[in-house]
Structure formats: C-alpha cells, structure tokens
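What follows is the content of query-v7.pdb, which has PDB, C-alpha atoms:
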MODEL        1
ATOM      1  CA  MET G   7      23.856 -32.504 -28.569
ATOM      2  CA  LEU G   8      21.416 -29.824 -27.432
ATOM      3  CA  HIS G   9      19.508 -32.392 -25.428
ATOM      4  CA  TRP G  10      22.746 -33.469 -23.716
ATOM      5  CA  PHE G  11      23.669 -29.838 -22.992
ATOM      6  CA  ASN G  12      20.199 -29.213 -21.609
ATOM      7  CA  GLN G  13      20.375 -32.288 -19.379
ATOM      8  CA  LYS G  14      23.922 -31.609 -18.239
ATOM      9  CA  PHE G  15      23.916 -27.875 -17.625
ATOM     10  CA  LEU G  16      20.342 -26.627 -17.679
ATOM     11  CA  SER G  17      18.662 -29.279 -15.597
ATOM     12  CA  PRO G  18      16.723 -27.914 -12.600
ATOM     13  CA  LYS G  19      19.030 -29.708 -10.153
ATOM     14  CA  THR G  20      22.221 -28.338 -11.740
ATOM     15  CA  PHE G  21      20.744 -24.867 -11.842
ATOM     16  CA  TYR G  22      19.653 -25.083  -8.216
ATOM     17  CA  THR G  23      23.057 -26.141  -6.886
ATOM     18  CA  THR G  24      25.058 -23.783  -9.129
ATOM     19  CA  SER G  25      22.859 -20.779  -8.352
ATOM     20  CA  SER G  26      23.064 -21.518  -4.614
ATOM     21  CA  SER G  27      26.827 -21.144  -4.748
ATOM     22  CA  LEU G  28      26.576 -17.978  -6.878
ATOM     23  CA  LEU G  29      23.995 -16.288  -4.672
ATOM     24  CA  PRO G  30      26.368 -14.978  -1.929
ATOM     25  CA  TRP G  31      28.590 -13.422  -4.615
ATOM     26  CA  PHE G  32      25.656 -11.620  -6.205
ATOM     27  CA  ILE G  33      24.531 -10.390  -2.781
ATOM     28  CA  ALA G  34      28.042  -9.100  -2.027
ATOM     29  CA  ALA G  35      28.275  -7.398  -5.438
ATOM     30  CA  PHE G  36      24.863  -5.790  -4.900
ATOM     31  CA  VAL G  37      25.784  -4.480  -1.438
ATOM     32  CA  LEU G  38      29.082  -3.036  -2.713
ATOM     33  CA  CYS G  39      27.625  -1.365  -5.798
ATOM     34  CA  PHE G  40      24.509  -0.122  -4.010
ATOM     35  CA  GLY G  41      26.530   1.208  -1.065
ATOM     36  CA  TYR G  42      28.958   3.090  -3.296
ATOM     37  CA  GLY G  43      26.264   4.348  -5.667
ATOM     38  CA  LEU G  44      24.015   5.521  -2.865
ATOM     39  CA  ILE G  45      26.706   7.353  -0.878
ATOM     40  CA  ALA G  46      28.500   8.843  -3.873
ATOM     41  CA  GLY G  47      25.257   9.767  -5.626
ATOM     42  CA  LEU G  48      23.585  11.374  -2.639
ATOM     43  CA  PHE G  49      26.518  13.020  -0.897
ATOM     44  CA  PHE G  50      29.541  13.378  -3.182
ATOM     45  CA  ALA G  51      28.255  13.950  -6.725
ATOM     46  CA  PRO G  52      28.043  17.700  -7.441
ATOM     47  CA  ALA G  53      24.630  19.300  -7.925
ATOM     48  CA  ASP G  54      23.507  19.683 -11.534
ATOM     49  CA  TYR G  55      23.894  23.205 -12.930
ATOM     50  CA  GLN G  56      20.274  23.284 -14.133
ATOM     51  CA  GLN G  57      18.376  20.840 -11.909
ATOM     52  CA  GLY G  58      20.332  21.424  -8.702
ATOM     53  CA  ASP G  59      20.149  18.584  -6.174
ATOM     54  CA  GLY G  60      16.890  17.395  -7.758
ATOM     55  CA  PHE G  61      18.912  15.482 -10.338
ATOM     56  CA  ARG G  62      19.926  12.970  -7.618
ATOM     57  CA  ILE G  63      16.695  11.109  -8.359
ATOM     58  CA  ILE G  64      18.557   9.926 -11.473
ATOM     59  CA  TYR G  65      20.422   7.392  -9.286
ATOM     60  CA  VAL G  66      17.281   5.345  -8.764
ATOM     61  CA  HIS G  67      15.173   6.383 -11.766
ATOM     62  CA  VAL G  68      17.614   5.529 -14.565
ATOM     63  CA  PRO G  69      18.746   2.179 -13.044
ATOM     64  CA  SER G  70      15.145   1.066 -12.503
ATOM     65  CA  ALA G  71      14.164   2.032 -16.073
ATOM     66  CA  PHE G  72      17.302   0.354 -17.458
ATOM     67  CA  ALA G  73      16.664  -2.794 -15.418
ATOM     68  CA  ALA G  74      12.984  -2.866 -16.453
ATOM     69  CA  MET G  75      14.009  -2.990 -20.119
ATOM     70  CA  ALA G  76      16.921  -5.381 -19.556
ATOM     71  CA  ILE G  77      14.632  -7.761 -17.666
ATOM     72  CA  TYR G  78      12.128  -7.734 -20.506
ATOM     73  CA  SER G  79      14.977  -8.620 -22.896
ATOM     74  CA  VAL G  80      15.880 -11.564 -20.635
ATOM     75  CA  MET G  81      12.208 -12.570 -20.670
ATOM     76  CA  ALA G  82      12.090 -12.455 -24.467
ATOM     77  CA  VAL G  83      15.239 -14.591 -24.834
ATOM     78  CA  SER G  84      13.822 -17.047 -22.267
ATOM     79  CA  ALA G  85      10.562 -17.091 -24.211
ATOM     80  CA  VAL G  86      12.359 -18.100 -27.411
ATOM     81  CA  LEU G  87      14.268 -20.818 -25.527
ATOM     82  CA  THR G  88      10.978 -22.033 -24.040
ATOM     83  CA  LEU G  89       9.123 -22.132 -27.339
ATOM     84  CA  VAL G  90      11.892 -23.486 -29.566
ATOM     85  CA  PHE G  91      13.943 -25.731 -27.259
ATOM     86  CA  ARG G  92      11.415 -26.347 -24.468
ATOM     87  CA  ILE G  93      13.982 -25.668 -21.768
ATOM     88  CA  LYS G  94      12.274 -25.849 -18.361
ATOM     89  CA  ILE G  95      14.688 -23.424 -16.705
ATOM     90  CA  ALA G  96      13.991 -20.817 -19.396
ATOM     91  CA  ALA G  97      10.247 -20.978 -18.710
ATOM     92  CA  ILE G  98      10.865 -20.541 -14.996
ATOM     93  CA  CYS G  99      13.263 -17.648 -15.662
ATOM     94  CA  MET G 100      10.641 -15.983 -17.866
ATOM     95  CA  SER G 101       7.923 -16.217 -15.255
ATOM     96  CA  CYS G 102      10.130 -15.014 -12.369
ATOM     97  CA  SER G 103      11.571 -12.162 -14.447
ATOM     98  CA  ALA G 104       8.073 -10.835 -15.131
ATOM     99  CA  GLN G 105       7.378 -10.272 -11.444
ATOM    100  CA  ILE G 106      10.657  -8.439 -10.821
ATOM    101  CA  GLY G 107      10.370  -6.526 -14.101
ATOM    102  CA  ALA G 108       6.910  -5.284 -13.165
ATOM    103  CA  TRP G 109       8.271  -3.930  -9.870
ATOM    104  CA  PHE G 110      11.167  -2.161 -11.586
ATOM    105  CA  THR G 111       8.873  -0.653 -14.228
ATOM    106  CA  PHE G 112       6.560   0.567 -11.473
ATOM    107  CA  LEU G 113       9.595   2.053  -9.724
ATOM    108  CA  ALA G 114      10.769   3.761 -12.937
ATOM    109  CA  LEU G 115       7.326   5.326 -13.445
ATOM    110  CA  VAL G 116       6.918   6.461  -9.829
ATOM    111  CA  THR G 117      10.440   7.882  -9.482
ATOM    112  CA  GLY G 118      10.099   9.540 -12.896
ATOM    113  CA  SER G 119       6.818  11.066 -11.832
ATOM    114  CA  ILE G 120       8.364  12.418  -8.621
ATOM    115  CA  TRP G 121      11.229  13.847 -10.674
ATOM    116  CA  GLY G 122       8.791  15.342 -13.174
ATOM    117  CA  LYS G 123       6.887  17.402 -10.620
ATOM    118  CA  PRO G 124       9.695  19.832  -9.683
ATOM    119  CA  MET G 125      11.355  19.748 -13.124
ATOM    120  CA  TRP G 126       8.378  19.871 -15.513
ATOM    121  CA  GLY G 127       5.727  21.115 -13.115
ATOM    122  CA  THR G 128       3.551  18.041 -13.532
ATOM    123  CA  TRP G 129       3.420  14.508 -12.114
ATOM    124  CA  TRP G 130       2.416  12.967 -15.434
ATOM    125  CA  ILE G 131       2.164  13.803 -19.107
ATOM    126  CA  TRP G 132       1.169  11.593 -22.041
ATOM    127  CA  ASP G 133       4.665  11.881 -23.438
ATOM    128  CA  ALA G 134       5.944   9.148 -25.829
ATOM    129  CA  ARG G 135       8.586   7.873 -23.361
ATOM    130  CA  LEU G 136       6.256   7.822 -20.353
ATOM    131  CA  THR G 137       3.423   6.219 -22.303
ATOM    132  CA  SER G 138       5.632   3.503 -23.806
ATOM    133  CA  VAL G 139       7.027   2.653 -20.340
ATOM    134  CA  LEU G 140       3.449   2.499 -19.013
ATOM    135  CA  ILE G 141       2.697   0.036 -21.842
ATOM    136  CA  LEU G 142       5.721  -1.997 -20.674
ATOM    137  CA  LEU G 143       4.155  -2.164 -17.192
ATOM    138  CA  PHE G 144       0.871  -3.348 -18.753
ATOM    139  CA  LEU G 145       2.800  -5.992 -20.722
ATOM    140  CA  TYR G 146       4.375  -7.286 -17.527
ATOM    141  CA  LEU G 147       1.032  -7.271 -15.686
ATOM    142  CA  GLY G 148      -0.708  -8.889 -18.659
ATOM    143  CA  PHE G 149       1.914 -11.627 -18.730
ATOM    144  CA  ILE G 150       1.500 -12.268 -14.975
ATOM    145  CA  ALA G 151      -2.307 -12.264 -15.258
ATOM    146  CA  LEU G 152      -2.227 -14.661 -18.211
ATOM    147  CA  GLN G 153       0.090 -17.060 -16.417
ATOM    148  CA  SER G 154      -2.063 -16.999 -13.295
ATOM    149  CA  VAL G 155      -5.261 -18.030 -15.115
ATOM    150  CA  ILE G 156      -3.847 -20.960 -17.101
ATOM    151  CA  THR G 157      -3.607 -24.080 -14.959
ATOM    152  CA  ASP G 158      -1.807 -26.435 -17.335
ATOM    153  CA  GLN G 159       1.938 -25.895 -16.944
ATOM    154  CA  GLN G 160       2.863 -26.444 -20.593
ATOM    155  CA  ASN G 161       0.107 -24.194 -21.953
ATOM    156  CA  ARG G 162       0.988 -21.558 -19.376
ATOM    157  CA  ASP G 163       4.635 -21.516 -20.445
ATOM    158  CA  ARG G 164       3.714 -21.448 -24.136
ATOM    159  CA  ALA G 165       1.118 -18.664 -23.837
ATOM    160  CA  GLY G 166       3.459 -16.601 -21.665
ATOM    161  CA  ALA G 167       6.289 -17.041 -24.148
ATOM    162  CA  ILE G 168       4.131 -15.790 -27.033
ATOM    163  CA  VAL G 169       3.084 -12.688 -25.073
ATOM    164  CA  ALA G 170       6.706 -12.008 -24.075
ATOM    165  CA  ILE G 171       7.898 -12.253 -27.692
ATOM    166  CA  VAL G 172       5.099 -10.042 -29.043
ATOM    167  CA  GLY G 173       5.861  -7.417 -26.384
ATOM    168  CA  VAL G 174       9.490  -7.067 -27.494
ATOM    169  CA  ILE G 175       8.316  -4.586 -30.138
ATOM    170  CA  ASN G 176       7.848  -2.093 -27.293
ATOM    171  CA  LEU G 177      11.557  -2.065 -26.313
ATOM    172  CA  PRO G 178      12.913  -0.160 -29.351
ATOM    173  CA  ILE G 179       9.875   2.143 -29.113
ATOM    174  CA  ILE G 180      10.813   3.004 -25.509
ATOM    175  CA  HIS G 181      14.475   3.479 -26.372
ATOM    176  CA  TYR G 182      13.969   5.630 -29.473
ATOM    177  CA  SER G 183      10.834   7.451 -28.303
ATOM    178  CA  VAL G 184      12.876  10.472 -27.214
ATOM    179  CA  ILE G 185      14.494  10.617 -30.665
ATOM    180  CA  TRP G 186      11.509   9.768 -32.889
ATOM    181  CA  TRP G 187       9.078  12.127 -31.179
ATOM    182  CA  ASN G 188       9.351  15.595 -29.718
ATOM    183  CA  THR G 189       9.072  14.621 -26.061
ATOM    184  CA  LEU G 190       9.252  16.448 -22.754
ATOM    185  CA  HIS G 191      11.454  13.632 -21.447
ATOM    186  CA  GLN G 192      15.161  14.344 -21.859
ATOM    187  CA  GLY G 193      17.306  12.367 -24.295
ATOM    188  CA  PRO G 194      19.440   9.334 -23.392
ATOM    189  CA  THR G 195      21.779  10.063 -20.471
ATOM    190  CA  ILE G 196      24.341   7.306 -20.750
ATOM    191  CA  SER G 197      24.245   6.142 -24.349
ATOM    192  CA  GLN G 198      26.329   9.077 -25.520
ATOM    193  CA  PHE G 199      29.714   8.028 -24.214
ATOM    194  CA  ALA G 200      31.445   9.340 -27.321
ATOM    195  CA  THR G 201      30.572  12.881 -26.289
ATOM    196  CA  PRO G 202      29.893  12.541 -22.551
ATOM    197  CA  SER G 203      26.974  14.656 -21.441
ATOM    198  CA  ILE G 204      27.525  13.775 -17.792
ATOM    199  CA  ALA G 205      30.589  14.405 -15.611
ATOM    200  CA  PRO G 206      32.545  11.349 -14.369
ATOM    201  CA  SER G 207      31.784  12.275 -10.735
ATOM    202  CA  MET G 208      28.099  11.920 -11.597
ATOM    203  CA  LEU G 209      28.521   9.038 -14.045
ATOM    204  CA  TYR G 210      30.381   6.515 -11.848
ATOM    205  CA  PRO G 211      27.740   6.405  -9.080
ATOM    206  CA  LEU G 212      25.099   6.040 -11.802
ATOM    207  CA  LEU G 213      26.913   3.082 -13.369
ATOM    208  CA  ALA G 214      27.351   1.551  -9.899
ATOM    209  CA  MET G 215      23.624   1.907  -9.235
ATOM    210  CA  ILE G 216      22.748   0.326 -12.593
ATOM    211  CA  ALA G 217      25.028  -2.603 -11.705
ATOM    212  CA  ALA G 218      23.441  -2.764  -8.228
ATOM    213  CA  PHE G 219      19.929  -2.958  -9.678
ATOM    214  CA  LEU G 220      21.002  -5.726 -12.060
ATOM    215  CA  PHE G 221      22.659  -7.655  -9.203
ATOM    216  CA  PHE G 222      19.513  -7.228  -7.142
ATOM    217  CA  TYR G 223      17.513  -8.621 -10.054
ATOM    218  CA  ALA G 224      19.911 -11.591 -10.195
ATOM    219  CA  VAL G 225      19.484 -12.231  -6.450
ATOM    220  CA  ILE G 226      15.675 -12.099  -6.537
ATOM    221  CA  LEU G 227      15.615 -14.079  -9.790
ATOM    222  CA  ILE G 228      17.703 -16.867  -8.253
ATOM    223  CA  LEU G 229      15.538 -16.995  -5.119
ATOM    224  CA  CYS G 230      12.325 -17.024  -7.162
ATOM    225  CA  MET G 231      13.617 -19.616  -9.640
ATOM    226  CA  GLN G 232      14.800 -21.862  -6.827
ATOM    227  CA  ASN G 233      11.319 -21.693  -5.272
ATOM    228  CA  GLN G 234       9.633 -22.592  -8.540
ATOM    229  CA  ILE G 235      12.116 -25.375  -9.255
ATOM    230  CA  LEU G 236      11.501 -26.919  -5.839
ATOM    231  CA  LEU G 237       7.730 -26.738  -6.382
ATOM    232  CA  ARG G 238       7.927 -28.293  -9.845
ATOM    233  CA  GLU G 239      10.387 -30.974  -8.756
ATOM    234  CA  ILE G 240       8.850 -31.714  -5.357
ATOM    235  CA  LYS G 241       8.646 -35.440  -6.115
ATOM    236  CA  SER G 242      12.287 -35.716  -7.189
ATOM    237  CA  GLN G 243      14.669 -37.290  -4.708
ATOM    238  CA  TRP G 244      17.240 -34.503  -5.160
ATOM    239  CA  THR G 245      14.944 -31.889  -3.558
ATOM    240  CA  LYS G 246      15.184 -33.849  -0.327
ATOM    241  CA  GLU G 247      18.973 -34.032  -0.650
ATOM    242  CA  VAL G 248      19.508 -30.314  -1.301
ATOM    243  CA  LEU G 249      17.411 -29.349   1.682
ATOM    244  CA  CYS G 250      19.905 -31.148   3.924
ATOM    245  CA  TYR G 251      22.704 -28.672   3.147
ATOM    246  CA  ASP G 252      20.732 -25.685   1.900
ATOM    247  CA  TYR G 253      20.700 -22.547   4.040
TER     248      TYR G 253
ATOM    249  CA  MET T  15      27.181  20.090   4.844
ATOM    250  CA  THR T  16      24.841  20.310   7.846
ATOM    251  CA  ILE T  17      22.027  17.872   8.664
ATOM    252  CA  ASN T  18      19.450  20.496   7.683
ATOM    253  CA  GLN T  19      21.112  21.025   4.295
ATOM    254  CA  LEU T  20      21.203  17.274   3.823
ATOM    255  CA  ILE T  21      17.509  16.898   4.555
ATOM    256  CA  ASP T  22      16.589  19.945   2.478
ATOM    257  CA  MET T  23      18.731  18.957  -0.543
ATOM    258  CA  GLY T  24      18.518  22.414  -2.060
ATOM    259  CA  GLY T  25      14.733  22.502  -1.756
ATOM    260  CA  TYR T  26      14.253  19.076  -3.380
ATOM    261  CA  GLY T  27      14.507  17.046  -0.153
ATOM    262  CA  ALA T  28      10.873  15.901  -0.131
ATOM    263  CA  TYR T  29      11.152  14.574  -3.693
ATOM    264  CA  ILE T  30      14.579  12.978  -3.296
ATOM    265  CA  TRP T  31      14.001  11.263   0.039
ATOM    266  CA  THR T  32      10.554  10.028  -1.016
ATOM    267  CA  THR T  33      12.096   8.506  -4.147
ATOM    268  CA  TYR T  34      14.811   6.709  -2.198
ATOM    269  CA  ALA T  35      12.333   5.553   0.453
ATOM    270  CA  ILE T  36      10.046   4.052  -2.229
ATOM    271  CA  THR T  37      13.034   2.326  -3.851
ATOM    272  CA  LEU T  38      14.138   0.785  -0.562
ATOM    273  CA  LEU T  39      10.542  -0.253   0.136
ATOM    274  CA  VAL T  40      10.275  -2.012  -3.238
ATOM    275  CA  PHE T  41      13.623  -3.753  -2.631
ATOM    276  CA  GLY T  42      12.465  -4.769   0.839
ATOM    277  CA  ILE T  43       9.137  -6.158  -0.422
ATOM    278  CA  ASN T  44      10.888  -8.218  -3.105
ATOM    279  CA  LEU T  45      13.467  -9.570  -0.695
ATOM    280  CA  PHE T  46      10.935 -10.345   2.025
ATOM    281  CA  THR T  47       8.475 -12.119  -0.278
ATOM    282  CA  SER T  48      11.249 -14.206  -1.885
ATOM    283  CA  ILE T  49      12.677 -15.329   1.455
ATOM    284  CA  HIS T  50       9.216 -15.946   2.912
ATOM    285  CA  GLU T  51       8.214 -17.983  -0.150
ATOM    286  CA  LYS T  52      11.409 -20.014   0.066
ATOM    287  CA  ARG T  53      10.694 -20.908   3.702
ATOM    288  CA  ARG T  54       7.147 -21.921   2.741
ATOM    289  CA  VAL T  55       8.328 -24.117  -0.136
ATOM    290  CA  LYS T  56      11.018 -25.766   1.988
ATOM    291  CA  LYS T  57       8.490 -26.502   4.693
ATOM    292  CA  MET T  58       6.183 -28.025   2.089
ATOM    293  CA  ILE T  59       8.973 -30.262   0.780
ATOM    294  CA  GLN T  60       9.952 -31.334   4.271
ATOM    295  CA  GLN T  61       6.334 -32.293   4.916
ATOM    296  CA  TYR T  62       6.185 -34.159   1.627
ATOM    297  CA  TRP T  63       9.310 -36.195   2.330
ATOM    298  CA  ALA T  64       8.188 -36.872   5.889
ATOM    299  CA  GLN T  65       4.918 -38.388   4.625
ATOM    300  CA  PRO T  66       4.921 -38.425   0.802
ATOM    301  CA  SER T  67       1.682 -40.369   0.521
ATOM    302  CA  LYS T  68      -0.361 -37.739   2.380
ATOM    303  CA  LEU T  69       0.465 -34.864   0.048
ATOM    304  CA  THR T  70      -1.296 -34.850  -3.308
TER     305      THR T  70
ENDMDL
END
So that I can check it, write out the structure of this file as structure tokens.
Amino acid sequence: MLHWFNQKFLSPKTFYTTSSSLLPWFIAAFVLCFGYGLIAGLFFAPADYQQGDGFRIIYVHVPSAFAAMAIYSVMAVSAVLTLVFRIKIAAICMSCSAQIGAWFTFLALVTGSIWGKPMWGTWWIWDARLTSVLILLFLYLGFIALQSVITDQQNRDRAGAIVAIVGVINLPIIHYSVIWWNTLHQGPTISQFATPSIAPSMLYPLLAMIAAFLFFYAVILILCMQNQILLREIKSQWTKEVLCYDY
Amino acid sequence: MTINQLIDMGGYGAYIWTTYAITLLVFGINLFTSIHEKRRVKKMIQQYWAQPSKLT
C-alpha cells in the first residue's frame, strides 16, 4: 500500500510535474504577502511606544527566525521519511531545505544583531536564545558539510537524516529558551494570542511577512528539488519529455 | 511623512534599511542561484539526450 502510494504520488516525475504547476501560485502568494507586509510594516504600522520605529526590524527578523525553525522541522520529518520509508523525494527535500534553512538562520542572527545594537546597546550577547539559534546555524552547516563529503548517495541521505533527527532537540530549546532562562531577548511575540501583546495594525503585516517567508521557502525548495530530481533522474526518459514543455 | 523622515525612521534608519537590504540580498542570492542552477541542469540534460553515450 505504502509502496503503491510512494510510486503513485511521491515519484520524482509526479513531484516534478505537480510542483511545476504549483510554482506560479506560490510565487504569486509570496509577492502578495511580501508586498503587503513590507508596505504595511514599514509605512503604516504605528511606531512602538518603547522601541519607536526601530521595532520595524521585527518584520524581517521574526519571519526569518520562524522560517528557520519551521524549515528544520520539515527537515526532521523528511529525515524520518528517508530513514524509515526510504522515500527519494523526502531525501531531496531534506537536503534542499538545509541550504534554505541555513540562509534564514543567518538572516535571523544578522537582523537580530542589528536590532540588538540600538535596543540592548550591543551587537551580540551569549544569551540563551541567541546561542541556541547560533547552534541551529551550525547544525544546518554541519548537515551541508556532511552531505558534501559523502559521495555515495544512499549513505549521504542516511547520514544526513541521522544528523537532522539528532538536531531536533535544539528546536524546543530555542523556543523555550526565553522562558527557561533569564534572557536579554524578549519573550515570544506571537504565541500569546490569548492575551495579545501586539496591536492588530502591527500584527497583520507580521503575519503576512511570516507567510511570505514560508512561500519564498516553498518557491526555492521547489526549484532546488526540481534541479536535484533532474540530476538524479538524468537517464530517465521522462526528463527529456518534461524539458519539452518546461519553462 | 517626508522623504527625510522616511529615511531617518526616527533615528533608526541606518539599522532598519540595512536590515531590509540584507534580507532582499539574501532573497536575491537564493533566487538567482536556483534559477542559474536550473538552467545549468537543463543544459546538461539537453546535452545528454542529444548524445547520451558521450556523457558518463
């Protein structure tokens, strides 16, 4: 049953053709969300009563941090699917996600650092949240380095999957670091919907930017996965066929 | 809001605009490398199917 499902819906060819038709929709969704989030966040959201206009960095910092963690979760799920069910697409998804995740983690650290300078008076501090996110970046880089040194495809997928699963332990540490330890980093901004700590005029652009970052991840993930699929399946007849109508 | 106020952003302009510029740069790098890689892979496949025996 699982084998049939894998062949029918998760085969590289099916994924390639389905993702090609989904790609324009993801691009459109990204442009819409990013456009709204950027304009509303920069020009229409009111200045924060404590941080003034400096808080506007939130519209790129929080989405990049959120996406960095979400991407690692996708990687971990893909790793389980790779190890347990040996699904090719999952292994490709895992490897492509690592590259994008590393960029988003880098972005979260850099934007956070730029925010920290005017707000805390320092670019960096060995705070629990900052340190755990730095560890996340090292996990991503370690995963990429490991995959680049192993030549055998199957061993590469397996070793990468193990690293991805082991690294999951860091996700709850990142999330709860501001609660477990007395940190300089502020508490969660958008996980307290029950008692909103952020005004709707500030919240909606933030949610739009988070969606935009996730759509951007989807777009880059699809492009990267399609590249890897084509490389792995170069000898299959269907690669020749798809190139005839592909953009 | 004047252009000067927009650039200054209440004294945080340098931080805010640098942050957004870095974000757009990262997005641009990701998009460019993905599209460039896709063109390279497609070219490779076209070469393969033109003369499959020559490519190992």
Requested in this report: Give as JSON, numbers by chain the residues that the ChimeraX specification (/T :<6) & /G matches when applied to the coordinates above.
Outcome: {"G": [59, 60, 63, 117, 233]}
Using 6 Å of padding on each side, determine the axis-aligned box around all atoms of segment 170-180 of chain G present in the file and give its centre and edge lengths in Å to one decimal, as AutoDock Vina command-line options.
--center_x 9.0 --center_y -4.6 --center_z -27.1 --size_x 19.8 --size_y 27.3 --size_z 18.1
Atom CA of Gly118 of chain G sits from atom CA of Ala224 of chain G at a separation of 23.5 Å
Using the chain letters and numbers from the file, give me the residues hit by the PyMOL selection byres ((chain G and resi 76-91) around 6), as a list of chain:residue names.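 Checking the PyMOL selection byres ((chain G and resi 76-91) around 6) against this file, the residues are G:Ala73, G:Ala74, G:Met75, G:Arg92, G:Ile93, G:Ala96, G:Ala97, G:Met100, G:Gly107, G:Ala167, G:Ala170, G:Ile171.
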The distance between atom CA of Gly122 of chain G and atom CA of Phe36 of chain G is 27.8 Å
Exercise. How many Å separate atom CA of Tyr42 of chain G from atom CA of Ile204 of chain G?
Worked result: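 These atoms are spaced 18.1 Å apart.
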Residue by residue, what does the PyMOL selection byres ((chain G and resi 143-155) around 10) grab here? Present the result as a ChimeraX atom specification. /G:74,78,81,100-112,114-115,137-142,156-159,161-170,172-174,176
Just the residues within 7 Å of segment 14-25 of chain G, please, counting only C-alpha atoms, with nothing from its chain fewer than 6 positions along; format it as a PyMOL selection string.
-> chain G and resi 95+228+232+235
